[in-house]
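Enquirer: Sharing a structure here in structure tokens format.
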Amino acid sequence: MDLRRRVTLFAVTIAATPLVIGGCTADRKAESAREAKPPTVTLSPADKARDIPVSAEIGTTVAHGKVTGVRLKDDKGAEVRGEPREDGSTWVPSEPLANGRTYTAEVTATGDRGKTTTSTTTFTTMRRPSTPPITSTLYFAGNQTYGTAMPVTVAFEPGVPKEARAEVQKRLFVKTDPPQPGTWSWLEDGTQVYYRAPDFWKPGTQISVRAGLQGLPIGKDLIGDADRKATSKIGRQVSLDIDNATKQMSVFQDGKLLRRIPVSLGKPSTPSSSGKMVIMEKHERTTFDTRGEPDGGYVVDVDDAQRLTWGGEFIHSAPWSEGDQGYTNVSHGCANVSATAADWLMGITQVGDLVTVKGTEVQLQAGNGWTAWNVSWDEFTKGSALPVPAGLRPAPTTTAPHPGAVAGGNAPAPVPSASGG
């Protein structure tokens, strides 16, 4: 190789080198600029918004970062407690806001490189509305011990319209410890909504519920009536199986048979319902008054009564039918047991225990009691007004879709009846 060729090659190499170095530097600068971009926050309600419902949540949409702090204060400087939803979409005040007050939300977001942005919004809530409130009832009291089949039940009068159920469901909160995620399912007529997990609660589980409905717009003509909270625990596992073929009740605890008890169920003209029910109430003494009801007309005091349906089916002491128990159905739909057995059952069972009846002439109507367990999990999830999390959705099937989750139809409204027999 001659000298001129060596010089030419060397010159080409030197000329190419700065181009490579310059390209790397430009890429690093561009990447650094992207990473250092500060977060941006969009809030709701919008700044200076008025007539905001007292059920309002602070909506937070963040780009290039995440929310790291929320402070909400009223117009007197008092701070409002709250916490974010699990998906981070909103920050939820722990109590309903006050009517006709002004609030300021201050939201801080932090980017990947630690840069922060703080945004504020100030809004005013609506005055106390003249819109009639919907009547809601939370069938889950605080400081109780419930059975492992206890659903969280919220009842409404009138029923919630279909188009409003998603917004109502968003304001129904359940936390379980240890975690046992579930979902809500509506009756077709909107008069009840149930919450349960795919399986029965584990004994010892703590359940905290909030029905944060106060001031919530519900459809065109209604508004939520109250904000209710309750925390209770799940006790021992107890279940009752009643077989019309044998006229026997089998009582189980933790899967072990404790006792078999003879029963007399509803006679053919007033049959007991077959299905999966839940003990709803327990009374040491109560009065059945069936005057004005079909096949009724009597008033009787009964001991050790446990309600299974809104329509008036109970398990109760019936010393007058002890000769029929285990042989013949003579009741007005209740499960008659002896005085001794009824007293023993009261010491074993809990509200929320599962009672399964089979082999009678009629099936349990959806909504006639807390009927969350009287459908499969597949059917139950179809009653949710919101998407069910992927981990809770049943596996797809090749069968035709069920027309509804928990078909309510003409199911009786959740108004307790004193009838029984």
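Just remember, in the structure tokens the first chain shown is A, the second B, etc., residues are 1-based per chain, and ligands are 1-based in the order shown.
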Among stretch 118-200 of chain A, which residues carry a DSSP assignment of strand (DSSP E or B), reported as an MDAnalysis selection string?

Expert: chainID A and resid 118:125 133 135:139 145:146 152:157 172:177 183:187 192:196

Enquirer: List the neighbours of stretch 350-354 of chain A out to 7 Å using only C-alpha atoms; skip same-chain residues closer than 3 positions along the sequence, and give me the result as an NGL selection string.

Expert: :A and (146-150 or 238-240 or 276-281)

Enquirer: Please dump the current selection as a PDB file, in the first residue's frame; keep C-alpha atoms.

Expert:
ATOM      1  CA  TYR A 146     -72.925 -12.995  60.092  1.00  0.00           C
ATOM      2  CA  GLY A 147     -72.950 -16.377  58.394  1.00  0.00           C
ATOM      3  CA  THR A 148     -70.682 -17.263  55.487  1.00  0.00           C
ATOM      4  CA  ALA A 149     -73.476 -16.828  52.897  1.00  0.00           C
ATOM      5  CA  MET A 150     -74.372 -13.279  53.983  1.00  0.00           C
ATOM      6  CA  VAL A 238     -73.163 -23.262  59.334  1.00  0.00           C
ATOM      7  CA  SER A 239     -75.633 -24.493  56.714  1.00  0.00           C
ATOM      8  CA  LEU A 240     -79.047 -26.174  56.762  1.00  0.00           C
ATOM      9  CA  LYS A 276     -80.997 -21.490  48.214  1.00  0.00           C
ATOM     10  CA  MET A 277     -82.041 -18.977  50.862  1.00  0.00           C
ATOM     11  CA  VAL A 278     -80.301 -17.072  53.626  1.00  0.00           C
ATOM     12  CA  ILE A 279     -81.460 -16.570  57.205  1.00  0.00           C
ATOM     13  CA  MET A 280     -82.563 -12.916  57.286  1.00  0.00           C
ATOM     14  CA  GLU A 281     -83.870 -12.397  60.834  1.00  0.00           C
TER      15      GLU A 281
END

Enquirer: Using only C-alpha atoms, find each residue of stretch 76-158 of chain A with at least one atom at most 10 Å away from an atom of stretch 171-185 of chain A; report its shortest atom-to-atom pair and that distance in Å (one decimal), sort the rows by chain and rising residue number, and return the result as JSON lines.

Expert:
{"residue": "A:Arg85", "atom": "CA", "partner": "A:Phe173", "partner_atom": "CA", "distance": 9.8}
{"residue": "A:Val92", "atom": "CA", "partner": "A:Arg171", "partner_atom": "CA", "distance": 9.6}
{"residue": "A:Pro151", "atom": "CA", "partner": "A:Trp184", "partner_atom": "CA", "distance": 9.7}
{"residue": "A:Val152", "atom": "CA", "partner": "A:Val174", "partner_atom": "CA", "distance": 8.6}
{"residue": "A:Thr153", "atom": "CA", "partner": "A:Trp184", "partner_atom": "CA", "distance": 9.2}
{"residue": "A:Val154", "atom": "CA", "partner": "A:Leu172", "partner_atom": "CA", "distance": 9.0}

Enquirer: Residues within 10 Å of stretch 251-264 of chain A, please, as a PDB file with C-alpha atoms, in the first residue's frame. Count only C-alpha atoms; anything in the same chain fewer than 2 positions from it doesn't count.

Expert:
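Okay, this is what ended up in selection08.pdb:
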ATOM      1  CA  PRO A 203     -64.879 -17.418  58.624  1.00  0.00           C
ATOM      2  CA  ARG A 236     -68.491 -19.917  61.828  1.00  0.00           C
ATOM      3  CA  GLN A 237     -69.656 -21.867  58.786  1.00  0.00           C
ATOM      4  CA  VAL A 238     -73.163 -23.262  59.334  1.00  0.00           C
ATOM      5  CA  SER A 239     -75.633 -24.493  56.714  1.00  0.00           C
ATOM      6  CA  LEU A 240     -79.047 -26.174  56.762  1.00  0.00           C
ATOM      7  CA  ASP A 241     -80.289 -28.620  54.119  1.00  0.00           C
ATOM      8  CA  ILE A 242     -84.021 -29.447  54.082  1.00  0.00           C
ATOM      9  CA  ASP A 243     -85.246 -32.349  51.927  1.00  0.00           C
ATOM     10  CA  ASN A 244     -88.972 -32.595  51.292  1.00  0.00           C
ATOM     11  CA  THR A 246     -87.392 -37.288  53.690  1.00  0.00           C
ATOM     12  CA  LYS A 247     -88.967 -34.425  55.716  1.00  0.00           C
ATOM     13  CA  GLN A 248     -85.590 -34.002  57.420  1.00  0.00           C
ATOM     14  CA  MET A 249     -83.351 -30.991  58.060  1.00  0.00           C
ATOM     15  CA  GLY A 266     -95.924 -26.305  53.428  1.00  0.00           C
ATOM     16  CA  LYS A 267     -99.007 -28.309  52.532  1.00  0.00           C
ATOM     17  CA  SER A 272     -92.666 -24.099  50.757  1.00  0.00           C
ATOM     18  CA  ILE A 315     -88.134 -21.939  60.338  1.00  0.00           C
ATOM     19  CA  HIS A 316     -89.894 -21.904  63.702  1.00  0.00           C
ATOM     20  CA  ALA A 318     -94.416 -25.548  66.019  1.00  0.00           C
ATOM     21  CA  SER A 321     -97.444 -30.125  64.466  1.00  0.00           C
ATOM     22  CA  GLU A 322     -94.826 -32.294  66.187  1.00  0.00           C
ATOM     23  CA  GLY A 323     -96.818 -35.423  65.328  1.00  0.00           C
ATOM     24  CA  ASP A 324     -96.589 -34.537  61.625  1.00  0.00           C
ATOM     25  CA  GLN A 325     -92.930 -33.536  61.563  1.00  0.00           C
ATOM     26  CA  GLY A 326     -90.895 -36.052  59.607  1.00  0.00           C
ATOM     27  CA  TYR A 327     -94.059 -37.436  57.935  1.00  0.00           C
ATOM     28  CA  THR A 328     -96.574 -34.939  56.562  1.00  0.00           C
ATOM     29  CA  ASN A 329     -96.558 -31.337  55.329  1.00  0.00           C
ATOM     30  CA  VAL A 330     -99.172 -29.276  57.147  1.00  0.00           C
ATOM     31  CA  SER A 331     -97.745 -25.725  57.362  1.00  0.00           C
ATOM     32  CA  HIS A 332     -98.570 -22.533  55.462  1.00  0.00           C
ATOM     33  CA  GLY A 333     -95.113 -22.586  53.822  1.00  0.00           C
ATOM     34  CA  CYS A 334     -92.832 -22.527  56.849  1.00  0.00           C
ATOM     35  CA  ALA A 335     -90.482 -25.240  58.066  1.00  0.00           C
ATOM     36  CA  ASN A 336     -92.096 -26.446  61.312  1.00  0.00           C
ATOM     37  CA  VAL A 337     -89.785 -28.059  63.861  1.00  0.00           C
ATOM     38  CA  SER A 338     -90.242 -29.117  67.458  1.00  0.00           C
ATOM     39  CA  ALA A 341     -85.158 -28.359  68.018  1.00  0.00           C
ATOM     40  CA  ALA A 342     -86.113 -24.712  67.343  1.00  0.00           C
ATOM     41  CA  LEU A 345     -81.194 -24.072  66.241  1.00  0.00           C
ATOM     42  CA  ILE A 348     -76.371 -22.598  66.347  1.00  0.00           C
ATOM     43  CA  THR A 349     -77.438 -20.402  63.438  1.00  0.00           C
ATOM     44  CA  VAL A 355     -80.577 -22.737  53.961  1.00  0.00           C
TER      45      VAL A 355
END

Enquirer: Write out as an MDAnalysis selection string the residues lying within 12 Å of A:Gly275, counting only C-alpha atoms and excluding same-chain residues fewer than 5 positions away.

Expert: chainID A and resid 240:244 308:309 354:376

Enquirer: Out of A:Thr108, A:Lys37, A:Val168, A:Asp189, which residue has the shortest atom-to-atom distance to A:Leu386 when counting only C-alpha atoms?

Expert: A:Val168
